[in-house]
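Report on one structure; see the data block that follows.
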Amino acid sequence: MEALLSREAPADVAGPCRQCDNGNLAVWRCKDCALPTPMCRHCTRSYHGSNPFHRIECWTGSYFRAANLWEVGSYVLIRHYDGEPLCDSLKHQIQFLETTEVMKDKAEQDKLRAPAPAPAQAQSDVQGPSWFDEDTNMQDVTNEGLGTRVGKDEEEMDDDQFMHYLEKLRNHEDNGRANEDPEMEDEFDVEEDNPSVNPFINTHAAGHNAAGHNAAGHRPMAGVGPSIMPFPSIRVVHTNGIHDITMVSCECRGEDNMPFDLLSARLLPTSFKRIKTLFTAQLLDSFHLSNLELKASAYQFYQLLRRLTCPTAPAEVADLYREFRRKSRIWRWMKRLKWAGYGFPERKVTDVKMGELANFCPACQQPGINIPDNWRDDTARQVVPL
């Protein structure tokens, strides 16, 4: 038990990262990696570039909280399936994201190394207008007007400065609305002041209306959650549950090529125009084996995925049961086409004939293979099982 409990608060947590020599403090660790060790934000992102669907945890100072890889800047990179995998546009997007995340890495390390402020000296994270700052003379604040300046310079307040601040707020809100995709109205809702809220909650079950607003009637704030502006956020259903993560892709070779790029990355979209949800090939193969060996139905298997996503409230996870059943059938059909040699120019998918997708059975009688070619002329052919 001592060894088991040691993982809940290991001695090397919040210490120097073992994966780099930068002296960064390690407060992140992966639950799906073999033999995981605490890592810094940069190393966690680097090590999961090819495993963006792992589950991670973050040390809060007293315990490990559940976290998501988008919090460290991870994303799903969709390369082109033909020609140059990384075009100039994709390279530019990767460079932009990495530059942004490096600044966040530094900000996190500065915050971890900063001394904890005393409770009386803790300041609010909400920044007010510049005219209400530390230079405010506390003698100008009376007990009757809490937070209201009634000093001698009340009438001399810079109205232009205050109006400029309001104008900045309005412009920021307008820009956020302009960047919203109208096709993403039914995407997951994330609390404005709590980006760690489970993004997989069913909007209707959690008290959201059809327009994607929460109970208070607010839309998600731009830039909060897994979506990194201007990159979209997508749902990915994997063997360990449902993930919400940023997708980096390029349509320089045509919008119609996007489904091909996704299939090449072993990701199956639920639609071809408004791509919001992806199913991994590993998930569909795992379901096929579970259905074959464990006799698990599609409903039971998806209920398992919902519990893996949110063990405490699986019923509130988004219901993708219909999509899951449809994609599992399509995936089996596509694999049969591949095994039968279809997809090449000489064998088109539209020319499939009856029985051509059946698997070869070595136990069945095949002339020239397990029975002689002249088996009809054999006088003892009646003993040959037919």
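The way I read the labels, and the way they are meant: chains A, B, ... in the order of the structure tokens, residue 1 as the first residue of every chain, and ligand 1 as the first ligand shown, with later ones counted on from there.
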
Requested in this report: Write down as a PyMOL selection string the residues of segment 31-120 of chain A whose backbone DSSP state falls under strand (DSSP E or B).
Outcome: chain A and resi 39+56-59+64-67+75-77

I want to know what sits within 7 Å of Arg306 of chain A, based on only C-alpha atoms, with residues of the same chain fewer than 5 positions away left out; could you give that as a ChimeraX atom specification? /A:241,314,317

Can you check which parts of segment 38-66 of chain A lie within 12 Å of segment 242-245 of chain A? Per residue, the shortest pair of atoms and distance in Å to one decimal, counting only C-alpha atoms, sorted by chain and number, as CSV.
residue,atom,partner,partner_atom,distance
A:Pro52,CA,A:Ile245,CA,8.3
A:Phe53,CA,A:His243,CA,6.8
A:His54,CA,A:His243,CA,9.0
A:Arg55,CA,A:His243,CA,9.1
A:Ile56,CA,A:His243,CA,11.8

Deliver the residues from the most recent selection as a file, using C-alpha atoms, as a JSON list (two decimals), in the first residue's frame.
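Output below, filename selection_27.json:
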[["chain", "number", "residue", "atom", "x", "y", "z"],
["A", 52, "PRO", "CA", -2.59, 13.30, -28.87],
["A", 53, "PHE", "CA", -5.32, 11.13, -27.32],
["A", 54, "HIS", "CA", -3.61, 10.22, -24.06],
["A", 55, "ARG", "CA", -5.04, 11.23, -20.69],
["A", 56, "ILE", "CA", -2.87, 13.45, -18.52]]

query: Which residues, written as a list in words, have at least one atom at most 8 Å from segment 285-301 of chain A, with only C-alpha atoms counted and residues fewer than 3 positions away on the same chain left out?
result: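 Answer for this query is Thr239, Ala281, Gln282, Leu304, Leu305, Tyr321, Phe324, Arg325 and Ser328 of chain A.
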
Subject >> Neighbour list for Val248 of chain A as a list in words, cut-off 9 Å, only C-alpha atoms, skip fewer than 3 positions in-chain >> reply: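 Residues meeting the cut-off are Tyr75, Val76, Leu77, Ile78, Arg79, Leu90, Gln93, Ile94, Phe231 and Pro232 of chain A.
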
Kindly export the residues of the current selection with all heavy atoms, as a JSON list (two decimals), in the first residue's frame.
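File produced: result36.json:
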[["chain", "number", "residue", "atom", "x", "y", "z"],
["A", 75, "TYR", "N", -2.12, 19.16, -30.26],
["A", 75, "TYR", "CA", -3.12, 19.25, -31.31],
["A", 75, "TYR", "C", -2.99, 18.04, -32.22],
["A", 75, "TYR", "O", -2.00, 17.29, -32.16],
["A", 75, "TYR", "CB", -2.94, 20.54, -32.13],
["A", 75, "TYR", "CG", -1.54, 20.74, -32.65],
["A", 75, "TYR", "CD1", -1.13, 20.18, -33.87],
["A", 75, "TYR", "CD2", -0.62, 21.48, -31.93],
["A", 75, "TYR", "CE1", 0.16, 20.37, -34.34],
["A", 75, "TYR", "CE2", 0.68, 21.67, -32.40],
["A", 75, "TYR", "CZ", 1.06, 21.11, -33.60],
["A", 75, "TYR", "OH", 2.34, 21.28, -34.07],
["A", 76, "VAL", "N", -3.99, 17.84, -33.06],
["A", 76, "VAL", "CA", -3.98, 16.76, -34.05],
["A", 76, "VAL", "C", -3.54, 17.35, -35.37],
["A", 76, "VAL", "O", -4.20, 18.23, -35.92],
["A", 76, "VAL", "CB", -5.37, 16.11, -34.18],
["A", 76, "VAL", "CG1", -5.36, 15.03, -35.25],
["A", 76, "VAL", "CG2", -5.81, 15.52, -32.84],
["A", 77, "LEU", "N", -2.42, 16.88, -35.88],
["A", 77, "LEU", "CA", -1.88, 17.37, -37.15],
["A", 77, "LEU", "C", -2.32, 16.44, -38.27],
["A", 77, "LEU", "O", -1.99, 15.25, -38.26],
["A", 77, "LEU", "CB", -0.36, 17.45, -37.08],
["A", 77, "LEU", "CG", 0.35, 17.88, -38.36],
["A", 77, "LEU", "CD1", -0.08, 19.28, -38.79],
["A", 77, "LEU", "CD2", 1.87, 17.81, -38.20],
["A", 78, "ILE", "N", -3.06, 16.97, -39.23],
["A", 78, "ILE", "CA", -3.55, 16.19, -40.37],
["A", 78, "ILE", "C", -2.66, 16.50, -41.58],
["A", 78, "ILE", "O", -2.74, 17.59, -42.16],
["A", 78, "ILE", "CB", -5.02, 16.51, -40.68],
["A", 78, "ILE", "CG1", -5.87, 16.32, -39.43],
["A", 78, "ILE", "CG2", -5.53, 15.62, -41.81],
["A", 78, "ILE", "CD1", -5.84, 14.93, -38.85],
["A", 79, "ARG", "N", -1.82, 15.57, -41.92],
["A", 79, "ARG", "CA", -0.94, 15.74, -43.08],
["A", 79, "ARG", "C", -1.68, 15.37, -44.37],
["A", 79, "ARG", "O", -2.69, 14.68, -44.35],
["A", 79, "ARG", "CB", 0.31, 14.87, -42.93],
["A", 79, "ARG", "CG", 1.21, 15.28, -41.78],
["A", 79, "ARG", "CD", 2.38, 14.31, -41.66],
["A", 79, "ARG", "NE", 3.40, 14.79, -40.73],
["A", 79, "ARG", "CZ", 3.38, 14.59, -39.43],
["A", 79, "ARG", "NH1", 2.37, 13.89, -38.90],
["A", 79, "ARG", "NH2", 4.34, 15.05, -38.65],
["A", 90, "LEU", "N", 0.87, 24.27, -43.71],
["A", 90, "LEU", "CA", 0.95, 23.48, -42.48],
["A", 90, "LEU", "C", 2.20, 23.84, -41.68],
["A", 90, "LEU", "O", 2.15, 23.93, -40.44],
["A", 90, "LEU", "CB", 0.94, 21.99, -42.81],
["A", 90, "LEU", "CG", -0.41, 21.38, -43.19],
["A", 90, "LEU", "CD1", -0.24, 19.92, -43.58],
["A", 90, "LEU", "CD2", -1.40, 21.53, -42.05],
["A", 93, "GLN", "N", 1.53, 27.04, -39.87],
["A", 93, "GLN", "CA", 0.63, 26.86, -38.73],
["A", 93, "GLN", "C", 1.37, 26.20, -37.56],
["A", 93, "GLN", "O", 1.17, 26.60, -36.39],
["A", 93, "GLN", "CB", -0.55, 26.00, -39.15],
["A", 93, "GLN", "CG", -1.45, 26.65, -40.19],
["A", 93, "GLN", "CD", -2.62, 25.77, -40.56],
["A", 93, "GLN", "OE1", -3.46, 25.45, -39.74],
["A", 93, "GLN", "NE2", -2.67, 25.34, -41.83],
["A", 94, "ILE", "N", 2.21, 25.23, -37.84],
["A", 94, "ILE", "CA", 2.96, 24.56, -36.77],
["A", 94, "ILE", "C", 3.90, 25.55, -36.09],
["A", 94, "ILE", "O", 4.01, 25.59, -34.86],
["A", 94, "ILE", "CB", 3.72, 23.36, -37.34],
["A", 94, "ILE", "CG1", 2.75, 22.29, -37.85],
["A", 94, "ILE", "CG2", 4.66, 22.76, -36.30],
["A", 94, "ILE", "CD1", 3.42, 21.15, -38.58],
["A", 231, "PHE", "N", -7.80, 28.02, -35.06],
["A", 231, "PHE", "CA", -7.89, 26.61, -35.36],
["A", 231, "PHE", "C", -9.13, 26.02, -34.71],
["A", 231, "PHE", "O", -9.44, 26.31, -33.56],
["A", 231, "PHE", "CB", -6.63, 25.89, -34.88],
["A", 231, "PHE", "CG", -5.37, 26.47, -35.43],
["A", 231, "PHE", "CD1", -4.62, 27.38, -34.70],
["A", 231, "PHE", "CD2", -4.93, 26.13, -36.69],
["A", 231, "PHE", "CE1", -3.46, 27.92, -35.21],
["A", 231, "PHE", "CE2", -3.77, 26.66, -37.21],
["A", 231, "PHE", "CZ", -3.04, 27.57, -36.47],
["A", 232, "PRO", "N", -9.85, 25.13, -35.41],
["A", 232, "PRO", "CA", -11.10, 24.60, -34.86],
["A", 232, "PRO", "C", -10.84, 23.50, -33.84],
["A", 232, "PRO", "O", -9.78, 22.87, -33.81],
["A", 232, "PRO", "CB", -11.80, 24.04, -36.11],
["A", 232, "PRO", "CG", -10.68, 23.64, -37.01],
["A", 232, "PRO", "CD", -9.58, 24.66, -36.78]]

Quiz item: Looking at only C-alpha atoms, which of A:Leu263, A:Thr280, A:Asn51, A:Arg7 is the one that sits closest to Pro38 of chain A?
Solution: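 Checking each of A:Leu263, A:Thr280, A:Asn51, A:Arg7 against Pro38 of chain A, counting only C-alpha atoms, the winner is A:Arg7.
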